[in-house]
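**Q** Input file: entry_33.txt. Contents: compact mmCIF, C-alpha atoms and all ligand atoms.
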```txt
# COMPACT_ATOMS: atom_id res chain seq x y z
CA MET A 1486 -11.60 4.99 24.55
CA VAL A 1487 -8.58 7.28 24.64
CA ILE A 1488 -5.58 5.11 23.75
CA LYS A 1489 -2.28 6.12 25.33
CA PRO A 1490 1.07 4.32 25.15
CA LYS A 1491 1.81 1.88 27.95
CA VAL A 1492 5.47 0.92 27.73
CA ARG A 1493 6.61 -2.12 29.69
CA GLY A 1494 10.34 -2.71 29.26
CA PHE A 1495 10.97 -3.16 25.54
CA VAL A 1496 7.33 -3.47 24.49
CA CYS A 1497 4.36 -1.17 24.39
CA ILE A 1498 1.21 -3.05 25.32
CA THR A 1499 -1.16 -0.66 23.57
CA ALA A 1500 -1.36 0.43 19.94
CA HIS A 1501 -3.24 3.24 18.22
CA PRO A 1502 -5.33 2.24 15.17
CA ALA A 1503 -5.27 5.63 13.42
CA GLY A 1504 -1.58 6.11 14.28
CA CYS A 1505 -0.66 2.69 12.84
CA ALA A 1506 -2.67 3.53 9.72
CA ALA A 1507 -0.82 6.84 9.36
CA HIS A 1508 2.51 5.01 9.73
CA VAL A 1509 1.56 2.57 6.95
CA GLN A 1510 0.47 5.51 4.78
CA GLU A 1511 3.94 7.07 5.21
CA TRP A 1512 5.47 3.83 3.92
CA ILE A 1513 3.07 3.66 0.98
CA ALA A 1514 3.87 7.30 0.13
CA HIS A 1515 7.59 6.53 0.16
CA VAL A 1516 7.20 3.64 -2.28
CA LYS A 1517 4.94 5.70 -4.54
CA SER A 1518 7.58 8.46 -4.61
CA GLN A 1519 10.09 6.00 -6.14
CA PRO A 1520 10.19 4.92 -9.79
CA PRO A 1521 7.90 1.91 -10.36
CA LEU A 1522 9.53 -1.52 -10.14
CA THR A 1523 9.62 -2.75 -13.69
CA GLY A 1524 9.80 -6.51 -13.89
CA GLY A 1525 8.86 -6.70 -10.21
CA PRO A 1526 6.93 -9.48 -8.47
CA LYS A 1527 3.30 -10.16 -9.41
CA LYS A 1528 1.98 -12.57 -6.80
CA VAL A 1529 3.67 -12.51 -3.43
CA LEU A 1530 3.42 -14.51 -0.22
CA VAL A 1531 4.83 -12.64 2.79
CA LEU A 1532 5.42 -14.63 5.99
CA GLY A 1533 5.69 -12.14 8.85
CA ALA A 1534 3.79 -9.49 6.88
CA SER A 1535 2.39 -7.25 9.60
CA THR A 1536 5.34 -5.26 10.99
CA GLY A 1537 9.00 -4.42 10.34
CA TYR A 1538 10.82 -5.76 7.30
CA GLY A 1539 7.98 -8.09 6.25
CA LEU A 1540 5.39 -5.30 6.14
CA ALA A 1541 7.87 -3.07 4.31
CA SER A 1542 8.42 -5.88 1.75
CA ARG A 1543 4.68 -6.21 1.28
CA VAL A 1544 4.19 -2.46 0.80
CA THR A 1545 7.07 -2.38 -1.71
CA ALA A 1546 5.71 -5.34 -3.72
CA ALA A 1547 2.16 -3.97 -3.79
CA PHE A 1548 2.72 -0.26 -4.34
CA GLY A 1549 6.03 -0.52 -6.21
CA ALA A 1550 5.13 -3.37 -8.55
CA GLY A 1551 1.33 -3.63 -8.34
CA ALA A 1552 1.65 -7.13 -6.86
CA ALA A 1553 -1.15 -9.20 -5.37
CA THR A 1554 -0.11 -10.01 -1.80
CA LEU A 1555 -1.07 -12.66 0.71
CA GLY A 1556 0.15 -11.85 4.22
CA VAL A 1557 0.64 -14.32 7.09
CA PHE A 1558 1.34 -13.03 10.60
CA PHE A 1559 0.60 -13.66 14.28
CA GLU A 1560 -1.04 -10.68 15.97
CA ARG A 1561 -3.33 -10.18 18.95
CA PRO A 1562 -6.74 -9.19 17.58
CA SER A 1563 -8.58 -6.18 18.98
CA GLU A 1564 -11.40 -6.55 21.49
CA GLU A 1565 -14.28 -4.27 22.47
CA ASP A 1566 -12.22 -2.44 25.06
CA ARG A 1567 -8.67 -3.58 24.30
CA PRO A 1568 -6.41 -2.49 21.49
CA ALA A 1569 -4.88 -5.08 19.18
CA SER A 1570 -1.14 -5.49 18.71
CA PRO A 1571 0.12 -3.00 16.09
CA GLY A 1572 0.51 -5.48 13.22
CA TRP A 1573 -3.25 -6.02 13.30
CA TYR A 1574 -3.95 -2.33 12.63
CA ASN A 1575 -1.04 -2.07 10.17
CA THR A 1576 -2.49 -4.91 8.15
CA ILE A 1577 -5.98 -3.43 8.08
CA ALA A 1578 -4.57 -0.11 6.86
CA PHE A 1579 -2.40 -1.82 4.24
CA THR A 1580 -5.23 -4.04 3.02
CA GLN A 1581 -7.66 -1.13 2.70
CA ALA A 1582 -5.13 0.93 0.76
CA ALA A 1583 -4.18 -1.99 -1.51
CA ARG A 1584 -7.80 -2.83 -2.30
CA ASP A 1585 -8.59 0.88 -2.90
CA ALA A 1586 -5.77 0.79 -5.45
CA GLY A 1587 -7.38 -2.24 -7.11
CA LEU A 1588 -4.83 -4.73 -5.76
CA TYR A 1589 -5.53 -8.18 -4.34
CA ALA A 1590 -4.66 -8.35 -0.63
CA LYS A 1591 -5.68 -11.14 1.76
CA ASN A 1592 -4.50 -12.08 5.23
CA LEU A 1593 -4.11 -15.06 7.54
CA ASN A 1594 -3.56 -14.41 11.23
CA GLY A 1595 -2.13 -17.48 12.94
CA ASP A 1596 0.98 -19.51 13.69
CA ALA A 1597 3.04 -19.75 10.50
CA PHE A 1598 5.05 -22.59 12.08
CA SER A 1599 1.94 -24.78 12.24
CA ALA A 1600 0.82 -27.30 9.64
CA ASP A 1601 -2.68 -25.84 9.80
CA ILE A 1602 -1.70 -22.30 8.75
CA LYS A 1603 0.49 -23.74 6.00
CA ARG A 1604 -2.48 -25.73 4.70
CA GLN A 1605 -4.81 -22.71 4.85
CA THR A 1606 -2.23 -20.59 3.01
CA LEU A 1607 -1.74 -23.19 0.29
CA ASP A 1608 -5.51 -23.49 -0.17
CA LEU A 1609 -5.87 -19.72 -0.50
CA ILE A 1610 -3.06 -19.49 -3.07
CA ARG A 1611 -4.58 -22.35 -5.07
CA ALA A 1612 -8.03 -20.78 -5.02
CA ASP A 1613 -7.14 -17.11 -5.58
CA LEU A 1614 -3.70 -16.75 -7.10
CA GLY A 1615 -2.85 -20.02 -8.81
CA GLN A 1616 0.85 -19.62 -8.05
CA VAL A 1617 3.19 -17.15 -6.33
CA ASP A 1618 6.42 -15.82 -7.84
CA LEU A 1619 7.95 -14.40 -4.63
CA VAL A 1620 7.98 -15.73 -1.07
CA VAL A 1621 9.33 -13.36 1.60
CA TYR A 1622 10.30 -15.10 4.84
CA SER A 1623 10.42 -12.44 7.58
CA LEU A 1624 9.31 -14.16 10.78
CA ALA A 1625 10.80 -13.02 14.09
CA SER A 1626 9.43 -15.02 16.98
CA PRO A 1627 10.42 -15.87 20.54
CA ARG A 1628 9.07 -19.43 20.25
CA ARG A 1629 8.04 -22.19 17.88
CA THR A 1630 5.89 -25.21 18.46
CA HIS A 1631 7.38 -27.82 16.17
CA PRO A 1632 4.71 -29.08 13.78
CA THR A 1633 5.80 -32.72 13.83
CA THR A 1634 7.28 -33.29 17.30
CA GLY A 1635 4.99 -30.88 19.20
CA ALA A 1636 8.03 -29.66 21.17
CA VAL A 1637 7.99 -25.98 22.16
CA HIS A 1638 11.31 -24.31 21.35
CA LYS A 1639 12.13 -20.96 22.95
CA SER A 1640 14.77 -18.74 21.44
CA VAL A 1641 17.28 -16.90 23.62
CA LEU A 1642 19.57 -13.96 22.86
CA LYS A 1643 22.81 -15.05 24.51
CA PRO A 1644 26.51 -15.34 23.71
CA VAL A 1645 28.01 -18.73 22.92
CA GLY A 1646 31.09 -20.18 24.63
CA GLN A 1647 31.74 -17.42 27.14
CA SER A 1648 29.94 -14.67 29.00
CA TYR A 1649 29.73 -11.22 27.43
CA THR A 1650 29.98 -7.89 29.20
CA ASN A 1651 29.24 -4.60 27.49
CA GLN A 1652 27.27 -1.39 27.82
CA THR A 1653 23.56 -1.37 27.19
CA VAL A 1654 20.82 1.20 27.46
CA ASP A 1655 17.39 1.07 29.01
CA THR A 1656 15.77 2.99 26.14
CA ASP A 1657 12.71 3.87 28.19
CA LYS A 1658 14.55 5.27 31.21
CA GLY A 1659 17.65 6.50 29.33
CA ILE A 1660 20.01 4.73 31.71
CA VAL A 1661 23.30 3.36 30.39
CA SER A 1662 24.69 0.45 32.37
CA THR A 1663 26.97 -2.52 32.06
CA VAL A 1664 25.36 -5.85 31.42
CA THR A 1665 26.87 -9.32 31.66
CA ILE A 1666 25.10 -12.09 29.82
CA GLU A 1667 25.95 -15.69 30.61
CA PRO A 1668 26.55 -18.04 27.67
CA ALA A 1669 23.79 -20.24 26.33
CA ASN A 1670 23.84 -23.97 26.99
CA ASP A 1671 23.59 -26.53 24.18
CA GLN A 1672 19.83 -26.88 24.55
CA GLU A 1673 19.30 -23.13 24.27
CA ILE A 1674 21.50 -23.00 21.17
CA ALA A 1675 19.52 -25.82 19.55
CA ASP A 1676 16.20 -24.23 20.54
CA THR A 1677 17.13 -20.83 19.10
CA THR A 1678 18.09 -22.48 15.82
CA ALA A 1679 14.81 -24.39 15.83
CA VAL A 1680 12.93 -21.07 16.12
CA MET A 1681 14.98 -18.63 14.04
CA GLY A 1682 16.92 -21.03 11.77
CA GLY A 1683 15.90 -22.28 8.36
CA GLU A 1684 13.87 -25.45 8.95
CA ASP A 1685 10.49 -23.74 8.85
CA TRP A 1686 11.40 -21.76 5.71
CA GLU A 1687 12.36 -25.06 4.04
CA MET A 1688 9.07 -26.62 5.13
CA TRP A 1689 7.15 -23.75 3.55
CA MET A 1690 9.07 -23.94 0.28
CA GLN A 1691 8.82 -27.75 0.10
CA ALA A 1692 5.08 -27.58 0.68
CA LEU A 1693 4.58 -24.85 -1.93
CA SER A 1694 6.76 -26.71 -4.42
CA GLU A 1695 5.04 -30.07 -3.91
CA ALA A 1696 1.63 -28.43 -4.30
CA LYS A 1697 2.86 -26.81 -7.57
CA LEU A 1698 2.09 -23.36 -6.24
CA LEU A 1699 5.44 -21.81 -7.20
CA ALA A 1700 5.56 -20.03 -10.57
CA PRO A 1701 8.44 -20.73 -12.98
CA GLY A 1702 11.42 -18.62 -11.90
CA ALA A 1703 9.95 -18.06 -8.41
CA GLN A 1704 12.19 -16.32 -5.88
CA SER A 1705 12.37 -16.47 -2.13
CA VAL A 1706 14.25 -14.22 0.28
CA ALA A 1707 14.85 -14.30 4.04
CA TYR A 1708 16.49 -11.63 6.17
CA SER A 1709 19.59 -11.67 8.29
CA TYR A 1710 21.94 -9.37 10.16
CA ILE A 1711 25.71 -9.34 10.68
CA GLY A 1712 26.64 -5.95 12.14
CA PRO A 1713 29.88 -4.63 13.62
CA GLU A 1714 32.29 -6.36 15.98
CA VAL A 1715 30.96 -4.55 19.04
CA THR A 1716 27.73 -6.61 18.76
CA TRP A 1717 29.20 -9.88 17.48
CA ALA A 1718 29.28 -11.66 20.84
CA ILE A 1719 25.54 -11.14 21.28
CA TYR A 1720 24.51 -11.26 17.62
CA LYS A 1721 26.71 -12.75 14.88
CA ASN A 1722 28.56 -15.21 17.16
CA GLY A 1723 25.68 -15.60 19.62
CA THR A 1724 22.66 -17.90 19.58
CA ILE A 1725 20.80 -15.75 17.03
CA GLY A 1726 23.85 -15.69 14.74
CA LEU A 1727 24.08 -19.50 14.82
CA ALA A 1728 20.39 -19.62 13.92
CA LYS A 1729 21.08 -17.23 11.03
CA ASN A 1730 23.88 -19.57 9.84
CA ASP A 1731 21.22 -22.26 9.65
CA LEU A 1732 18.99 -19.85 7.70
CA GLU A 1733 21.86 -19.48 5.22
CA ARG A 1734 22.14 -23.28 4.97
CA ALA A 1735 18.41 -23.38 4.21
CA ALA A 1736 18.82 -20.65 1.58
CA ARG A 1737 21.30 -22.86 -0.29
CA SER A 1738 19.04 -25.90 -0.18
CA ILE A 1739 15.94 -23.90 -1.22
CA ASP A 1740 17.99 -22.24 -3.97
CA SER A 1741 18.81 -25.68 -5.42
CA LEU A 1742 15.17 -26.69 -5.22
CA LEU A 1743 14.01 -23.55 -7.04
CA LYS A 1744 16.74 -23.77 -9.68
CA LEU A 1745 16.10 -27.42 -10.46
CA GLN A 1746 12.35 -27.67 -10.16
CA HIS A 1747 11.06 -24.18 -10.84
CA SER A 1748 12.77 -23.11 -14.05
CA GLY A 1749 15.71 -21.19 -12.70
CA GLY A 1750 14.17 -19.73 -9.57
CA ARG A 1751 16.34 -18.43 -6.77
CA ALA A 1752 16.49 -18.25 -2.97
CA CYS A 1753 18.79 -15.94 -1.07
CA ILE A 1754 19.53 -14.13 2.13
CA ALA A 1755 19.46 -10.34 2.29
CA VAL A 1756 21.47 -8.83 5.11
CA ASN A 1757 19.59 -5.76 6.28
CA LYS A 1758 20.43 -2.73 8.38
CA ALA A 1759 19.95 -2.65 12.17
CA LEU A 1760 16.67 -0.85 12.78
CA VAL A 1761 14.18 -0.24 15.54
CA THR A 1762 11.57 -3.00 15.34
CA GLN A 1763 9.76 -5.02 17.97
CA ALA A 1764 12.26 -7.84 17.38
CA SER A 1765 15.45 -5.77 17.63
CA SER A 1766 14.40 -3.84 20.72
CA ALA A 1767 14.49 -7.12 22.68
CA ILE A 1768 18.19 -7.73 22.02
CA PRO A 1769 20.59 -6.53 24.76
CA VAL A 1770 23.27 -3.99 23.68
CA VAL A 1771 21.83 -3.62 20.14
CA PRO A 1772 19.49 -0.66 20.96
CA LEU A 1773 22.50 1.38 22.17
CA TYR A 1774 24.32 0.55 18.94
CA ILE A 1775 21.23 1.58 16.93
CA ALA A 1776 20.94 4.90 18.79
CA ILE A 1777 24.60 5.69 17.95
CA LEU A 1778 24.24 4.45 14.38
CA TYR A 1779 21.15 6.61 13.75
CA LYS A 1780 23.03 9.70 14.94
CA ILE A 1781 25.91 9.07 12.53
CA MET A 1782 23.86 7.98 9.51
CA LYS A 1783 21.38 10.85 9.87
CA ALA A 1784 24.30 13.32 9.98
CA LYS A 1785 25.72 11.74 6.81
CA GLY A 1786 22.32 11.72 5.09
CA THR A 1787 22.45 7.93 4.64
CA HIS A 1788 19.90 6.90 7.28
CA GLU A 1789 17.18 4.53 6.09
CA GLY A 1790 14.17 2.95 7.80
CA CYS A 1791 12.51 -0.39 6.97
CA ILE A 1792 10.67 0.96 3.95
CA GLU A 1793 13.71 2.67 2.41
CA GLN A 1794 15.71 -0.54 2.94
CA MET A 1795 13.12 -2.76 1.29
CA ALA A 1796 12.46 -0.34 -1.57
CA ARG A 1797 16.23 -0.37 -2.25
CA LEU A 1798 16.46 -4.16 -1.89
CA PHE A 1799 13.73 -4.74 -4.46
CA ALA A 1800 14.81 -2.02 -6.94
CA THR A 1801 18.58 -2.41 -6.88
CA GLN A 1802 18.94 -6.10 -6.04
CA LEU A 1803 16.05 -8.57 -6.26
CA TYR A 1804 14.48 -6.99 -9.36
CA ALA A 1805 17.46 -5.08 -10.78
CA PRO A 1806 17.73 -5.61 -14.56
CA THR A 1807 21.25 -6.98 -14.03
CA GLY A 1808 20.14 -9.24 -11.13
CA PRO A 1809 21.41 -9.16 -7.55
CA GLN A 1810 25.04 -8.68 -6.51
CA PHE A 1811 26.14 -11.25 -3.96
CA ASP A 1812 28.98 -10.99 -1.44
CA ALA A 1813 31.59 -13.74 -1.03
CA GLY A 1814 29.12 -15.67 1.15
CA GLY A 1815 26.37 -15.51 -1.51
CA ARG A 1816 24.29 -12.92 0.37
CA ILE A 1817 22.73 -9.64 -0.77
CA ARG A 1818 23.97 -6.73 1.36
CA VAL A 1819 21.66 -3.79 1.99
CA ASP A 1820 23.55 -3.21 5.24
CA ASP A 1821 26.30 -1.77 3.00
CA TRP A 1822 25.72 1.85 4.04
CA GLU A 1823 25.66 0.86 7.75
CA MET A 1824 28.90 -1.09 7.38
CA ARG A 1825 30.85 1.67 5.57
CA GLU A 1826 34.25 2.16 7.15
CA GLU A 1827 33.69 5.80 8.12
CA VAL A 1828 30.34 5.00 9.75
CA GLN A 1829 31.77 2.14 11.80
CA ALA A 1830 34.87 4.17 12.75
CA ALA A 1831 32.54 6.86 14.14
CA VAL A 1832 30.52 4.23 16.09
CA LYS A 1833 33.76 2.86 17.57
CA GLU A 1834 34.80 6.31 18.69
CA ILE A 1835 31.48 7.16 20.37
CA TRP A 1836 30.79 3.71 21.89
CA PRO A 1837 33.15 3.83 24.93
CA LYS A 1838 32.27 7.45 25.73
CA VAL A 1839 28.50 7.03 26.19
CA THR A 1840 27.12 7.51 29.69
CA THR A 1841 23.65 8.16 31.09
CA GLU A 1842 24.57 11.85 31.35
CA ASN A 1843 25.68 12.36 27.74
CA LEU A 1844 23.32 9.83 26.08
CA THR A 1845 21.16 12.56 24.51
CA GLU A 1846 24.14 14.42 23.16
CA LEU A 1847 26.23 11.51 21.82
CA THR A 1848 23.45 9.30 20.47
CA ASP A 1849 20.13 9.67 18.70
CA ILE A 1850 18.21 8.21 21.64
CA ALA A 1851 15.42 10.70 20.86
CA GLY A 1852 15.18 9.31 17.32
CA TYR A 1853 15.26 5.75 18.70
CA ARG A 1854 12.40 6.51 21.08
CA SER A 1855 10.24 8.23 18.50
CA GLU A 1856 10.77 5.32 16.04
CA PHE A 1857 9.88 2.89 18.82
CA MET A 1858 6.65 4.76 19.63
CA LYS A 1859 5.78 4.89 15.92
CA LEU A 1860 5.89 1.07 15.81
CA PHE A 1861 2.80 1.21 18.02
CA GLY A 1862 1.14 4.10 16.19
CA PHE A 1863 2.14 6.86 18.62
CA GLY A 1864 3.70 10.22 17.76
CA LEU A 1865 2.42 10.38 14.18
CA PRO A 1866 1.62 13.86 12.88
CA GLY A 1867 -2.04 14.73 12.37
CA ILE A 1868 -3.42 12.27 14.95
CA ASN A 1869 -5.31 13.60 17.96
CA TYR A 1870 -4.18 11.26 20.71
CA ASP A 1871 -6.54 12.85 23.23
CA ALA A 1872 -9.60 12.00 21.16
CA ASP A 1873 -11.69 8.87 21.59
CA ALA A 1874 -10.54 6.03 19.34
CA GLU A 1875 -12.37 2.77 18.59
CA PRO A 1876 -9.94 -0.03 19.46
CA HIS A 1877 -12.06 -2.84 18.02
CA VAL A 1878 -11.47 -3.02 14.29
CA PRO A 1879 -12.24 -6.23 12.37
CA MET A 1880 -9.60 -7.74 10.10
CA LEU A 1881 -10.23 -7.29 6.38
P1 LIG B 1901 9.15 -7.79 13.58
O1 LIG B 1901 9.03 -8.19 15.00
O2 LIG B 1901 8.85 -6.37 13.22
O3 LIG B 1901 8.20 -8.71 12.65
C1 LIG B 1901 8.01 -10.07 12.87
C2 LIG B 1901 6.85 -10.58 12.04
O4 LIG B 1901 6.73 -11.99 12.27
C3 LIG B 1901 5.48 -9.98 12.40
O5 LIG B 1901 4.71 -9.84 11.22
C4 LIG B 1901 4.85 -11.08 13.29
O6 LIG B 1901 3.44 -11.05 13.31
C5 LIG B 1901 5.39 -12.29 12.59
N1 LIG B 1901 5.37 -13.51 13.41
C6 LIG B 1901 6.02 -13.75 14.58
N2 LIG B 1901 5.76 -15.01 15.01
C7 LIG B 1901 4.93 -15.57 14.09
C8 LIG B 1901 4.30 -16.83 13.97
N3 LIG B 1901 4.47 -17.81 14.86
N4 LIG B 1901 3.47 -17.03 12.91
C9 LIG B 1901 3.25 -16.05 11.98
N5 LIG B 1901 3.85 -14.84 12.04
C10 LIG B 1901 4.67 -14.60 13.08
O7 LIG B 1901 10.62 -8.22 13.14
P2 LIG B 1901 11.70 -7.67 12.10
O8 LIG B 1901 12.73 -6.93 12.84
O9 LIG B 1901 11.05 -7.07 10.91
O10 LIG B 1901 12.39 -9.05 11.68
C11 LIG B 1901 12.09 -9.75 10.49
C12 LIG B 1901 13.35 -10.46 10.02
O11 LIG B 1901 14.34 -9.48 9.70
C13 LIG B 1901 13.97 -11.38 11.07
O12 LIG B 1901 14.49 -12.51 10.44
C14 LIG B 1901 15.10 -10.54 11.63
O13 LIG B 1901 16.13 -11.30 12.18
C15 LIG B 1901 15.55 -9.83 10.34
N6 LIG B 1901 16.36 -8.62 10.55
C16 LIG B 1901 15.99 -7.63 11.43
C17 LIG B 1901 16.80 -6.53 11.64
C18 LIG B 1901 16.44 -5.44 12.61
O14 LIG B 1901 17.31 -4.64 12.96
N7 LIG B 1901 15.20 -5.32 13.01
C19 LIG B 1901 18.08 -6.38 10.91
C20 LIG B 1901 18.32 -7.39 9.93
C21 LIG B 1901 17.50 -8.50 9.79
```
Could you rewrite the structure in this file as structure tokens?

**A**
Amino acid sequence: MVIKPKVRGFVCITAHPAGCAAHVQEWIAHVKSQPPLTGGPKKVLVLGASTGYGLASRVTAAFGAGAATLGVFFERPSEEDRPASPGWYNTIAFTQAARDAGLYAKNLNGDAFSADIKRQTLDLIRADLGQVDLVVYSLASPRRTHPTTGAVHKSVLKPVGQSYTNQTVDTDKGIVSTVTIEPANDQEIADTTAVMGGEDWEMWMQALSEAKLLAPGAQSVAYSYIGPEVTWAIYKNGTIGLAKNDLERAARSIDSLLKLQHSGGRACIAVNKALVTQASSAIPVVPLYIAILYKIMKAKGTHEGCIEQMARLFATQLYAPTGPQFDAGGRIRVDDWEMREEVQAAVKEIWPKVTTENLTELTDIAGYRSEFMKLFGFGLPGINYDADAEPHVPML
């Protein structure tokens, strides 16, 4: 079938297998163009391995350090006449490339929050890898079924305490408008923390530790975002920000576990840059901020995508010979270039001036859109999108 993009709001419901593969190849090429990661990870578990920051972490570990990788993710498989979600095709492309390079790469598609997927993952590590020395926690999910209570928690992206009014953009239609978001209630706050907070990360690390599947000195990292004041009401001080505070709490407790029981291991939070991913495109206001940010950072030559961010995180922080540099809150900051004073001053200046009419001129909405389409394998050079493509591709 000929596979064309079908955008519905902030998602595209189709994905192109060859386009996704070409996107993954671009990421692999970037990592290969960097100096190899000496002293990098050897056996890595990536939770949320199929798209965004998790996939970029996996590509960096495998092609930068020659690591064996086990990826866990939750993607819609392909069918005879229906494309899969993009992470399915990304993972196939990654796995093929890793195995061609002689690297171990295996995958588990299922709910990482469940006890069953945890058990299957532990069994696979025990059988194939013995132990892992790095666990990347990069899940972004709208819901979580709690493995012990069975309750279904749904996360919301809302302010806390009071309503929030600001500009936002419909990235598909290019319309700038004002949006007011009502504050979350207590239940919504608790639910968002249950989904995007640290409890599940702790459960993973406890289970791995108890099963003696963590190597001496094992590390674990999870990702967070802080961003500028203009987004604080919806992000840092909103429901997702409170969940991220809980992720930081979990980082401290996992850090103690790894230090005490796994010969000086370490757990930490890396604060990453705001980027176009399936997760971030769902947040109100943030896509407009990203479109402005891209314009400024590209002009300054400091723009990075997921793969550049993760390659820098691994090389200059997690596996730097001198070890990571932490901020006052104990976090690694690879959002440092985004948060530079001159970048944020430029964002502040542009922000109130943006309208539907000048969106193309004042922001990099074109760059936003092309990055968004690339997430689904569209707009990659060298792919004939008018040709027949086989949507049904089995997982490797
Ligand atoms: P993404 O949407 O690209 O990736 C999410 C991953 O989680 C995918 O591999 C998906 O299959 C997996 N997943 C979702 N639910 C799952 C489940 N129940 N079981 C197993 N796997 C599941 O998201 P993105 O943006 O890469 O986010 C990853 C982390 O990075 C999140 O913690 C996010 O808050 C953080 N982050 C994102 C930033 C951004 O601008 N995109 C900025 C800074 C941090």

**Q** Determine, counting all atoms listed in the file, every residue of protein, DNA or RNA that lies within 10 Å of (-11.3, 2.0, 18.2) in the file coordinates, then give the result as an MDAnalysis selection string.

**A** chainID A and resid 1486:1488 1501:1503 1563:1569 1873:1878

**Q** Residues near range 1529-1544 of chain A, anyone? I mean within 6 Å using only C-alpha atoms, not counting same-chain ones fewer than 3 positions away, as a ChimeraX atom specification.

**A** /A:1547-1548,1554-1558,1572,1576,1617,1619-1624,1762,1791-1792,1795

**Q** Measuring atom to atom with all atoms listed in the file, identify which of A:Arg1584, A:Lys1833, A:Lys1639, A:Arg1561 is nearest to Glu1714 in chain A.

**A** A:Lys1833

**Q** Give me the box for ligand LIG 1901 (chain B) as lines of an AutoDock Vina configuration file, namely the centre and edge lengths in Å to one decimal of a box along x, y and z that holds every listed atom plus 6 Å on each side.

**A**
```
center_x = 10.8
center_y = -11.2
center_z = 12.4
size_x = 27.1
size_y = 25.2
size_z = 17.3
```

**Q** Kindly extract all protein, DNA and RNA residues lying within 8 Å of the coordinates (29.0, -10.0, 26.3) given in the file, considering only C-alpha atoms, and supply them as a list in words.

**A** Pro1644, Gln1647, Ser1648, Tyr1649, Thr1650, Asn1651, Val1664, Thr1665, Ile1666, Glu1667, Ala1718 and Ile1719 of chain A

**Q** Write out as a list in words the residues lying within 10 Å of Pro1806 in chain A, counting all atoms listed in the file and excluding same-chain residues fewer than 3 positions away.

**A**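 The neighbour list is Thr1523, Gly1524, Gly1525, Ala1800, Thr1801, Gln1802, Leu1803 and Pro1809 of chain A.
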
**Q** Report, in Å to a single decimal, how far apart CA of Gly1659 in chain A and CA of Thr1845 in chain A are.

**A**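 CA of Gly1659 in chain A lies 8.5 Å from CA of Thr1845 in chain A.
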
**Q** Leaving out range 1673-1684 of chain A and any residue of its chain fewer than 6 positions from it, which residues lie within 12 Å of it when counting only C-alpha atoms, given as a PyMOL selection string?

**A** chain A and resi 1597-1598+1622-1634+1636-1646+1667+1690-1691+1706-1709+1722-1739+1753-1754+1764

**Q** For CA of Lys1591 in chain A and CA of Glu1687 in chain A, determine how far apart the two atoms are, in Å to one decimal place.

**A** 22.9 Å

**Q** When you count all atoms listed in the file, which of these residues is closest to ligand LIG 1901 (chain B): A:His1788, A:Lys1758, A:Arg1493, A:Arg1797?

**A** A:Lys1758

**Q** Quote the spacing between CA of Phe1579 in chain A and CA of Trp1512 in chain A in Å to one decimal place.

**A** 9.7 Å

**Q** Using all atoms listed in the file, which of A:Arg1818, A:Arg1611, A:Lys1697, A:Lys1658 sits nearest Gly1712 in chain A?

**A**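 Smallest separation from Gly1712 in chain A among the options: A:Arg1818.
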
**Q** I'd like the contact shell of His1747 in chain A - 10 Å cut-off, only C-alpha atoms, skipping same-chain residues fewer than 5 positions apart - returned as an MDAnalysis selection string.

**A** chainID A and resid 1694 1697 1699:1704 1740:1742

**Q** Selected residues, C-alpha atoms, written as a PDB file, in the coordinates of the input, please.

**A**
```pdb
ATOM      1  CA  SER A1694       6.760 -26.710  -4.420  1.00  0.00           C
ATOM      2  CA  LYS A1697       2.860 -26.810  -7.570  1.00  0.00           C
ATOM      3  CA  LEU A1699       5.440 -21.810  -7.200  1.00  0.00           C
ATOM      4  CA  ALA A1700       5.560 -20.030 -10.570  1.00  0.00           C
ATOM      5  CA  PRO A1701       8.440 -20.730 -12.980  1.00  0.00           C
ATOM      6  CA  GLY A1702      11.420 -18.620 -11.900  1.00  0.00           C
ATOM      7  CA  ALA A1703       9.950 -18.060  -8.410  1.00  0.00           C
ATOM      8  CA  GLN A1704      12.190 -16.320  -5.880  1.00  0.00           C
ATOM      9  CA  ASP A1740      17.990 -22.240  -3.970  1.00  0.00           C
ATOM     10  CA  SER A1741      18.810 -25.680  -5.420  1.00  0.00           C
ATOM     11  CA  LEU A1742      15.170 -26.690  -5.220  1.00  0.00           C
TER      12      LEU A1742
END
```

**Q** Choose the residue, out of A:Ala1586, A:Ala1669, A:Ala1796, A:Ala1776, that has the smallest atom-to-atom separation from Gly1549 in chain A; count all atoms listed in the file.

**A**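 Under the stated criterion, the closest residue is A:Ala1796.
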
**Q** When you count only C-alpha atoms, which of these residues is closest to Ala1550 in chain A: A:Thr1499, A:Gln1810, A:Phe1799, A:Thr1606?

**A**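 Smallest distance to Ala1550 in chain A is found for A:Phe1799.
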
**Q** Taking into account all atoms listed in the file, which residue in the set A:Lys1721, A:Lys1785, A:Arg1854, A:Lys1780 is nearest to ligand LIG 1901 (chain B)?

**A**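 Nearest to ligand LIG 1901 (chain B): A:Lys1721.
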
**Q** Please provide as a PyMOL selection string all residues within 8 Å of Met1782 in chain A, with the sequence filter that same-chain residues fewer than 5 positions apart are discarded (counting only C-alpha atoms).

**A** chain A and resi 1787-1788+1823+1828
